[in-house]
Amino acid sequence: MDEDEFDVFYNASYRRVCAQVYAMIGDSDEAAECVQEAFARAWAHRRKMSSVDYPEAWVRTTAYRLAVGRWRRKKYAGRATDRAVGVRTEMPAVDETHVALVDALKKLPEAQRQAIVLHHIADLPVHQVAAEVGVPTGTIKARLSRGRTALAALLADEAPGTALEGGVR
Amino acid sequence: MSDPISRLDQFRADAPGAPMSSAAEARSRGDQIRRRRRAVVTAGVAAMAAVVAGPVIFLSTGLGDTGIDPAPATSDSVTASGPSASASASDLSRTNLPTEDDLVADDPYPAWVQEQTYDGDGTDTYNDCLTESLGDAGAQATFRRDFVAKPGEEYADAAGTLNAVVAEFSSAEEAEKVSVDLSDAAISCPGVDGAELAGTLPVEGGVVSSGSIDVVTYQPDDPEMNAVWETATAVVAAEDRVLVMTRKRGVQDYVSPTTLQTSAVNAAYRMVGATPPGEPSADPTETGSPAADGLSAANLIDGSTLPPLDRFESALGWNQYTPTPDVPTLACQKEWLSSLGASAKVASDYRWDTDRAMVGQVHVAVLDFPDENAAGAAYNEIMEWMEVCPANELGVDPTVTSLPTDVSDDLDAGPKRAARSQATYPGLDGGDSMWFETELVAEYETRLVLVGYAELAGPCPPSTGDKDDPCYQPDQPDSWPDRILAIEKAAVTAGISDLR
C-alpha cells in the first residue's frame with residue numbers, strides 16, 4: 001500500500017469507521033482517537049495491509065481493541081493522549097437522536113451491541129460479523145435478535161418526540 | 001415501540017461524531033511507530049555484541065567465572081547491558097526477580113527452572129508485542145530472568161518459554177502510567193502483524209496496585225507449524241515498580257493463562273521485597289485472595305454425596321475437576337470472586353460427562369469475611385449480579401429466566417439469608433442445546449456459600465414433572481427440582497458446618 005492508496009483508503013473509510021466505533025463504545029472523542037491510532041498502525045504495517053482482505057475491518061477491529069483497552073482503565077482517563085495522532089480535537093455537536101441511540105446501545109450487553117453495530121451500522125452480513133467477532137453465525141443471529149428487541153424497548157422508553165421516523169430496512 | 005432498525009440505518013447514513021483529520025497525520029504517526037520498532041531491534045543487536053565481548057574482557061582480568069556466569073548472585077555488578085547502567089539511585093536488584101518457587105506450571109507441563117538472569121532488559125526481545133523497552137519507558141533500573149520448563153521432563157519441549165522483567169521508576173504514579181501503556185501495547189500488539197486478542201484476565205490483590213494479563217495469538221512464520229503462537233503478557237504495577245511477565249508457547253486453541261495469574265501475583269510480592277502469599281496455587285480464582293485461613297475441605301461439598309444426573313449415563317458420575325479455562329462459580333458473575341474482599345475462600349468444581357460431552361456442572365465457593373457487615377455487603381453485591389446478570393467472566397450472554405427469590409426456609413442449615421435465581425445460556429454446539437443454571441447465594445454470620453448448578457438441555461429445560469408445562473417430557477425423570485435442592489442443601493450445610 002503506497003501513500004496514495006493509503007490516503008484514498010483513509011479518506012473513504014475514516015468517518016465511517018469513526019461512527020461505527022462511536023456506536024460501539026458510546027464516546028465520540030475516544031472513538032476518533034482510537035480510529036486515528038488504528039490508521040497510524042495500518043500505515044506502519046502497510047506491507048501487511050496490502051494482503052489483508054478487508055483493510056477497513058482490520059482498522060475497525062484494531063480501533064475497537066484500543067478502545068476496550070482504554071475502557072478497562074477508565075480510572076486513568078485523565079492521562080495525556082500522546083499516543084493518538086495530534087492533539088485532542090473538539091468534536092462537533094452530534095444530532096440528539098443519534099445521542100439517544102448511542103445511549104440506548106450502551107445499555108446493551110457488549111456482545112449484543114457489537115453484533116448490532118457490525119450488522120446494522122457497518123452493514124456487514126451475518127457470516128462476516130461472525131468471522132470478525134470469532135463466534136458461530138447462530139450466536140450472532142441470537143445476539144442480533146435479542147439486541148434488537150432490547151434496543152426497541154430502550155428506544156421506546158425515551159422521551160416522546162425524540163424518535164426519528166423512518167422506514168423499515 | 002420505536003423502530004430500532006430505521007434509527008440504525010439513519011445513523012449509518014449520517015456517520016456522526018468525527019471531524020475529518022488528515023491522512024498525512026496518520027502516516028506521520030505510523031512512520032513514528034515504525035522508527036520505534038526499528039530502534040528496539042537495533043538496541044537488541046548492540047546488547048548482544050556487548051555480551052559477546054564481555055567474557056573476553058573479564059577473562060583477561062582474571063574474572064572469567066564472573067564474566068561468564070549469566071546470573072551472579074547480587075545486583076552490585078550492574079553492567080552496561082541496559083538502562084540499569086544509570087541506576088545508581090535505584091534499590092532494585094536481582095533479588096526482586098521471581099524465583100522458581102514463585103511460578104506455577106500448568107498441567108501437564110513440568111516446573112519452570114531458571115535459565116538465565118540479566119541486568120537490564122536482556123539481549124533479545126523479551127516480548128513479541130512490546131515495541132518499547134522498559135528503559136525507553138523511563139525505568140531507572142531493570143532486571144530480567146528467563147525460565148524454561150525443566151529439561152528432560154515429559155512435555156518440556158511443548159511448554160514454551162517464560163520470562164520476567166522488573167523495573168523501577170521515579171514514582172508510583174510513573175510506574176502505574178507505564179504499566180497502563182504497556183498493557184495497551186500488549187492488547188493491540190503492535191510488534192506483530194495480524195495478532196488477535198484472545199483473552200484478558202485481571203491481576204489483583206495484595207501488593208498489586210494494578211495489573212492485567214492480555215493474551216494474543218498470531219500465525220507462525222513456519223507454515224508447517226500446526227499451531228499458532230500465543231503470547232500472554234502480565235503487566236503488574238506495585239509501588240514504584242512494574243513487572244512484565246511473558247509466557248509464549250504454541251497452541252492449537254486459546255488456553256487461559258490462569259497459572260500466569262498466580263505466578264504474576266507471587267512475582268509482584270517478590271518485586272517489592274515482600275514474601276509471596278503461600279504456596280503457588282493452581283486455582284486461578286484464588287489469585288489475589290488471602291489464604292483460606294479458617295476454611296478447609298470440610299467446608300466443601302462431598303462429591304460422593306451429589307445426587308446423580310439421571311437423565312444421562314456417565315461412566316465417571318460426578319467428577320471433580322479444575323476448569324481450564326477458568327469458569328465463574330455463578331454464570332451471572334460480574335467479576336471474579338476475589339473482587340468481593342473475602343478474607344478466605346475455598347472452592348470446588350464437579351462435572352458430569354456422557355461419552356460425548358459435559359452435560360452437568362456444579363461450582364461451589366465458600367467465602368469467609370472479616371465481619372458480618374462485609375459478608376452482608378458481598379451478599380448484596382452477588383444478589384445484584386444474579387438480578388442484572390452482567391456475566392463478564394462467562395464469555396456468553398445468559399438470560400435470566402427467574403429473578404432471585406428467598407429460599408432460606410428450604411435449606412436445612414438455616415442460613416440468615418439465601419436467594420436462588422435461574423439463567424440460561426447457549427451450549428457450545430451452536431444448536432438448540434442450552435445450559436439451565438440455578439444460582440444460589442446463602443449468608444450465615446461471616447460466611448457466604450455460592451452454588452452454581454447447570455444442566456444441559458434445550459430448547460426445553462429439564463423436566464420438572466409439571467404435566468401442564470408445554471415442555472413436559474413424560475419419558476424424562478422429574479428429578480431436576482429435587483436435585484437442585486439436594487445440591488444446595490449439601491453445599492450450604494458443609495459451607496457453614498464449623499459455625500453452627
# chains A, B, ... in the order shown; residues from 1 in each chain; ligands from 1

call {"tool": "residues_around", "arguments": {"residues": "Arg148 of chain A", "least_positions_apart": "2", "cutoff": "10 Å", "atoms": "only C-alpha atoms", "output": "list in words"}}
result
Leu105, Leu108, Gln112, Arg113, Ile116, Ala142, Arg143, Leu144, Ser145, Arg146, Ala150, Leu151, Ala152, Ala153 and Leu154 of chain A; Asp3, Pro4 and Ile5 of chain B

call {"tool": "write_last_selection", "arguments": {"atoms": "N, CA and C atoms", "output": "mmCIF file, in the first residue's frame"}}
result
data_model
loop_
_atom_site.group_PDB
_atom_site.id
_atom_site.type_symbol
_atom_site.label_atom_id
_atom_site.label_comp_id
_atom_site.auth_asym_id
_atom_site.auth_seq_id
_atom_site.Cartn_x
_atom_site.Cartn_y
_atom_site.Cartn_z
ATOM 1 N N LEU A 105 -27.735 1.999 22.913
ATOM 2 C CA LEU A 105 -26.779 0.929 22.583
ATOM 3 C C LEU A 105 -25.864 0.626 23.767
ATOM 4 N N LEU A 108 -26.957 -1.994 26.187
ATOM 5 C CA LEU A 108 -26.999 -3.401 25.789
ATOM 6 C C LEU A 108 -25.735 -4.108 26.266
ATOM 7 N N GLN A 112 -23.988 -8.068 22.329
ATOM 8 C CA GLN A 112 -25.148 -7.703 21.508
ATOM 9 C C GLN A 112 -24.902 -6.381 20.790
ATOM 10 N N ARG A 113 -24.321 -5.442 21.509
ATOM 11 C CA ARG A 113 -24.041 -4.130 20.901
ATOM 12 C C ARG A 113 -23.090 -4.284 19.716
ATOM 13 N N ILE A 116 -24.895 -5.793 16.720
ATOM 14 C CA ILE A 116 -25.817 -4.836 16.086
ATOM 15 C C ILE A 116 -25.060 -3.779 15.299
ATOM 16 N N ALA A 142 -28.580 -14.922 17.243
ATOM 17 C CA ALA A 142 -29.242 -14.818 18.553
ATOM 18 C C ALA A 142 -28.967 -13.458 19.189
ATOM 19 N N ARG A 143 -27.720 -13.013 19.083
ATOM 20 C CA ARG A 143 -27.380 -11.708 19.677
ATOM 21 C C ARG A 143 -28.127 -10.580 18.968
ATOM 22 N N LEU A 144 -28.236 -10.704 17.650
ATOM 23 C CA LEU A 144 -28.956 -9.663 16.905
ATOM 24 C C LEU A 144 -30.418 -9.627 17.307
ATOM 25 N N SER A 145 -31.004 -10.809 17.423
ATOM 26 C CA SER A 145 -32.416 -10.870 17.770
ATOM 27 C C SER A 145 -32.663 -10.284 19.154
ATOM 28 N N ARG A 146 -31.872 -10.740 20.122
ATOM 29 C CA ARG A 146 -32.049 -10.225 21.480
ATOM 30 C C ARG A 146 -31.719 -8.734 21.555
ATOM 31 N N ALA A 150 -34.189 -5.706 22.716
ATOM 32 C CA ALA A 150 -33.845 -4.856 23.860
ATOM 33 C C ALA A 150 -33.716 -3.397 23.431
ATOM 34 N N LEU A 151 -33.144 -3.186 22.250
ATOM 35 C CA LEU A 151 -32.946 -1.819 21.773
ATOM 36 C C LEU A 151 -34.290 -1.137 21.506
ATOM 37 N N ALA A 152 -35.211 -1.902 20.929
ATOM 38 C CA ALA A 152 -36.537 -1.330 20.669
ATOM 39 C C ALA A 152 -37.187 -0.884 21.967
ATOM 40 N N ALA A 153 -37.054 -1.704 22.982
ATOM 41 C CA ALA A 153 -37.651 -1.351 24.275
ATOM 42 C C ALA A 153 -36.978 -0.124 24.866
ATOM 43 N N LEU A 154 -35.674 -0.063 24.736
ATOM 44 C CA LEU A 154 -34.943 1.081 25.288
ATOM 45 C C LEU A 154 -35.307 2.370 24.554
ATOM 46 N N ASP B 3 -38.805 2.058 16.216
ATOM 47 C CA ASP B 3 -38.176 1.066 15.350
ATOM 48 C C ASP B 3 -36.658 1.209 15.397
ATOM 49 N N PRO B 4 -35.973 0.259 15.950
ATOM 50 C CA PRO B 4 -34.518 0.417 16.092
ATOM 51 C C PRO B 4 -33.794 0.346 14.757
ATOM 52 N N ILE B 5 -34.332 -0.409 13.791
ATOM 53 C CA ILE B 5 -33.597 -0.598 12.541
ATOM 54 C C ILE B 5 -33.546 0.695 11.736
#

call {"tool": "closest_residue", "arguments": {"among": "B:Gly122, B:Pro190, B:Gly205, B:Pro257", "to": "chain A", "atoms": "only C-alpha atoms"}}
result
B:Pro190

call {"tool": "select_by_dssp", "arguments": {"residues": "segment 103-135 of chain A", "states": "alpha helix (DSSP H)", "output": "PyMOL selection string"}}
result
chain A and resi 103-106+110-116+126-133

call {"tool": "closest_residue", "arguments": {"among": "A:Ala42, A:Val126, A:Ala156, A:Val102", "to": "Ile25 of chain A", "atoms": "only C-alpha atoms"}}
result
A:Val102

call {"tool": "closest_residue", "arguments": {"among": "A:Leu124, A:Met1, A:Ala23, A:Leu118", "to": "Trp43 of chain A", "atoms": "only C-alpha atoms"}}
result
A:Met1

call {"tool": "residues_around", "arguments": {"residues": "segment 172-181 of chain B", "least_positions_apart": "5", "cutoff": "7 Å", "atoms": "only C-alpha atoms", "output": "ChimeraX atom specification"}}
result
/B:137,235-237,239-242

call {"tool": "write_last_selection", "arguments": {"atoms": "C-alpha atoms", "output": "short mmCIF file (atom, residue, chain, number, x, y, z; two decimals), in the first residue's frame"}}
result
data_model
loop_
_atom_site.label_atom_id
_atom_site.label_comp_id
_atom_site.auth_asym_id
_atom_site.auth_seq_id
_atom_site.Cartn_x
_atom_site.Cartn_y
_atom_site.Cartn_z
CA ALA B 137 9.84 3.98 29.03
CA VAL B 235 1.78 -6.29 33.38
CA VAL B 236 1.64 -5.50 37.08
CA ALA B 237 2.36 -2.27 38.93
CA GLU B 239 4.63 0.63 44.49
CA ASP B 240 7.07 2.35 42.10
CA ARG B 241 7.84 -0.83 40.20
CA VAL B 242 6.49 -2.64 37.17
#

call {"tool": "closest_residue", "arguments": {"among": "A:Phe39, A:Lys107, A:Glu56, A:Ser13", "to": "chain B", "atoms": "only C-alpha atoms"}}
result
A:Phe39

call {"tool": "residues_around", "arguments": {"residues": "Leu8 of chain B", "least_positions_apart": "4", "cutoff": "7 Å", "atoms": "only C-alpha atoms", "output": "ChimeraX atom specification"}}
result
/A:120-121 /B:4,12

call {"tool": "decode", "arguments": {"residues": "segment 204-234 of chain B", "atoms": "N, CA and C atoms", "output": "compact mmCIF listing (two decimals), in the first residue's frame"}}
result
# COMPACT_ATOMS: atom_id res chain seq x y z
N GLU B 204 -4.77 -8.96 40.56
CA GLU B 204 -5.12 -8.03 41.63
C GLU B 204 -4.90 -8.68 42.98
N GLY B 205 -4.98 -7.86 44.01
CA GLY B 205 -4.87 -8.35 45.37
C GLY B 205 -3.50 -8.10 45.97
N GLY B 206 -3.43 -8.06 47.29
CA GLY B 206 -2.16 -7.91 47.98
C GLY B 206 -1.44 -6.63 47.62
N VAL B 207 -0.19 -6.74 47.24
CA VAL B 207 0.62 -5.56 46.96
C VAL B 207 0.31 -4.94 45.60
N VAL B 208 -0.45 -5.61 44.79
CA VAL B 208 -0.68 -5.17 43.41
C VAL B 208 -1.54 -3.91 43.39
N SER B 209 -1.05 -2.85 42.74
CA SER B 209 -1.88 -1.66 42.62
C SER B 209 -2.69 -1.69 41.33
N SER B 210 -2.18 -2.29 40.29
CA SER B 210 -2.98 -2.53 39.08
C SER B 210 -2.30 -3.61 38.27
N GLY B 211 -3.08 -4.36 37.54
CA GLY B 211 -2.45 -5.42 36.75
C GLY B 211 -3.45 -6.13 35.86
N SER B 212 -2.94 -6.66 34.76
CA SER B 212 -3.79 -7.45 33.88
C SER B 212 -2.91 -8.39 33.08
N ILE B 213 -3.56 -9.41 32.55
CA ILE B 213 -2.88 -10.32 31.62
C ILE B 213 -3.62 -10.23 30.30
N ASP B 214 -2.91 -9.99 29.24
CA ASP B 214 -3.52 -9.90 27.92
C ASP B 214 -2.89 -10.96 27.03
N VAL B 215 -3.74 -11.72 26.37
CA VAL B 215 -3.26 -12.83 25.56
C VAL B 215 -3.56 -12.56 24.09
N VAL B 216 -2.56 -12.67 23.27
CA VAL B 216 -2.79 -12.54 21.83
C VAL B 216 -2.28 -13.81 21.15
N THR B 217 -2.86 -14.10 20.00
CA THR B 217 -2.38 -15.22 19.20
C THR B 217 -2.04 -14.70 17.80
N TYR B 218 -1.10 -15.36 17.16
CA TYR B 218 -0.72 -14.95 15.81
C TYR B 218 -0.11 -16.11 15.07
N GLN B 219 -0.13 -15.97 13.76
CA GLN B 219 0.33 -17.06 12.91
C GLN B 219 1.85 -17.18 12.95
N PRO B 220 2.35 -18.40 12.97
CA PRO B 220 3.81 -18.58 12.94
C PRO B 220 4.36 -18.33 11.53
N ASP B 221 5.62 -17.98 11.46
CA ASP B 221 6.25 -17.82 10.15
C ASP B 221 6.37 -19.17 9.44
N ASP B 222 6.54 -20.21 10.24
CA ASP B 222 6.72 -21.54 9.67
C ASP B 222 5.36 -22.11 9.26
N PRO B 223 5.11 -22.26 7.95
CA PRO B 223 3.79 -22.74 7.52
C PRO B 223 3.53 -24.19 7.92
N GLU B 224 4.60 -24.92 8.30
CA GLU B 224 4.43 -26.32 8.68
C GLU B 224 3.91 -26.44 10.11
N MET B 225 4.02 -25.38 10.88
CA MET B 225 3.62 -25.44 12.28
C MET B 225 2.10 -25.56 12.37
N ASN B 226 1.63 -26.60 13.08
CA ASN B 226 0.19 -26.85 13.13
C ASN B 226 -0.46 -26.16 14.32
N ALA B 227 0.08 -25.06 14.73
CA ALA B 227 -0.45 -24.33 15.88
C ALA B 227 -0.19 -22.84 15.66
N VAL B 228 -0.74 -22.04 16.51
CA VAL B 228 -0.45 -20.60 16.45
C VAL B 228 0.38 -20.23 17.67
N TRP B 229 1.08 -19.13 17.56
CA TRP B 229 1.79 -18.63 18.74
C TRP B 229 0.80 -17.94 19.66
N GLU B 230 1.00 -18.16 20.94
CA GLU B 230 0.20 -17.47 21.94
C GLU B 230 1.18 -16.73 22.86
N THR B 231 1.04 -15.44 22.96
CA THR B 231 1.84 -14.67 23.91
C THR B 231 0.92 -14.07 24.96
N ALA B 232 1.17 -14.47 26.20
CA ALA B 232 0.41 -13.93 27.33
C ALA B 232 1.32 -12.97 28.07
N THR B 233 0.88 -11.73 28.22
CA THR B 233 1.69 -10.70 28.85
C THR B 233 1.02 -10.22 30.13
N ALA B 234 1.67 -10.47 31.25
CA ALA B 234 1.16 -9.93 32.52
C ALA B 234 1.91 -8.64 32.81
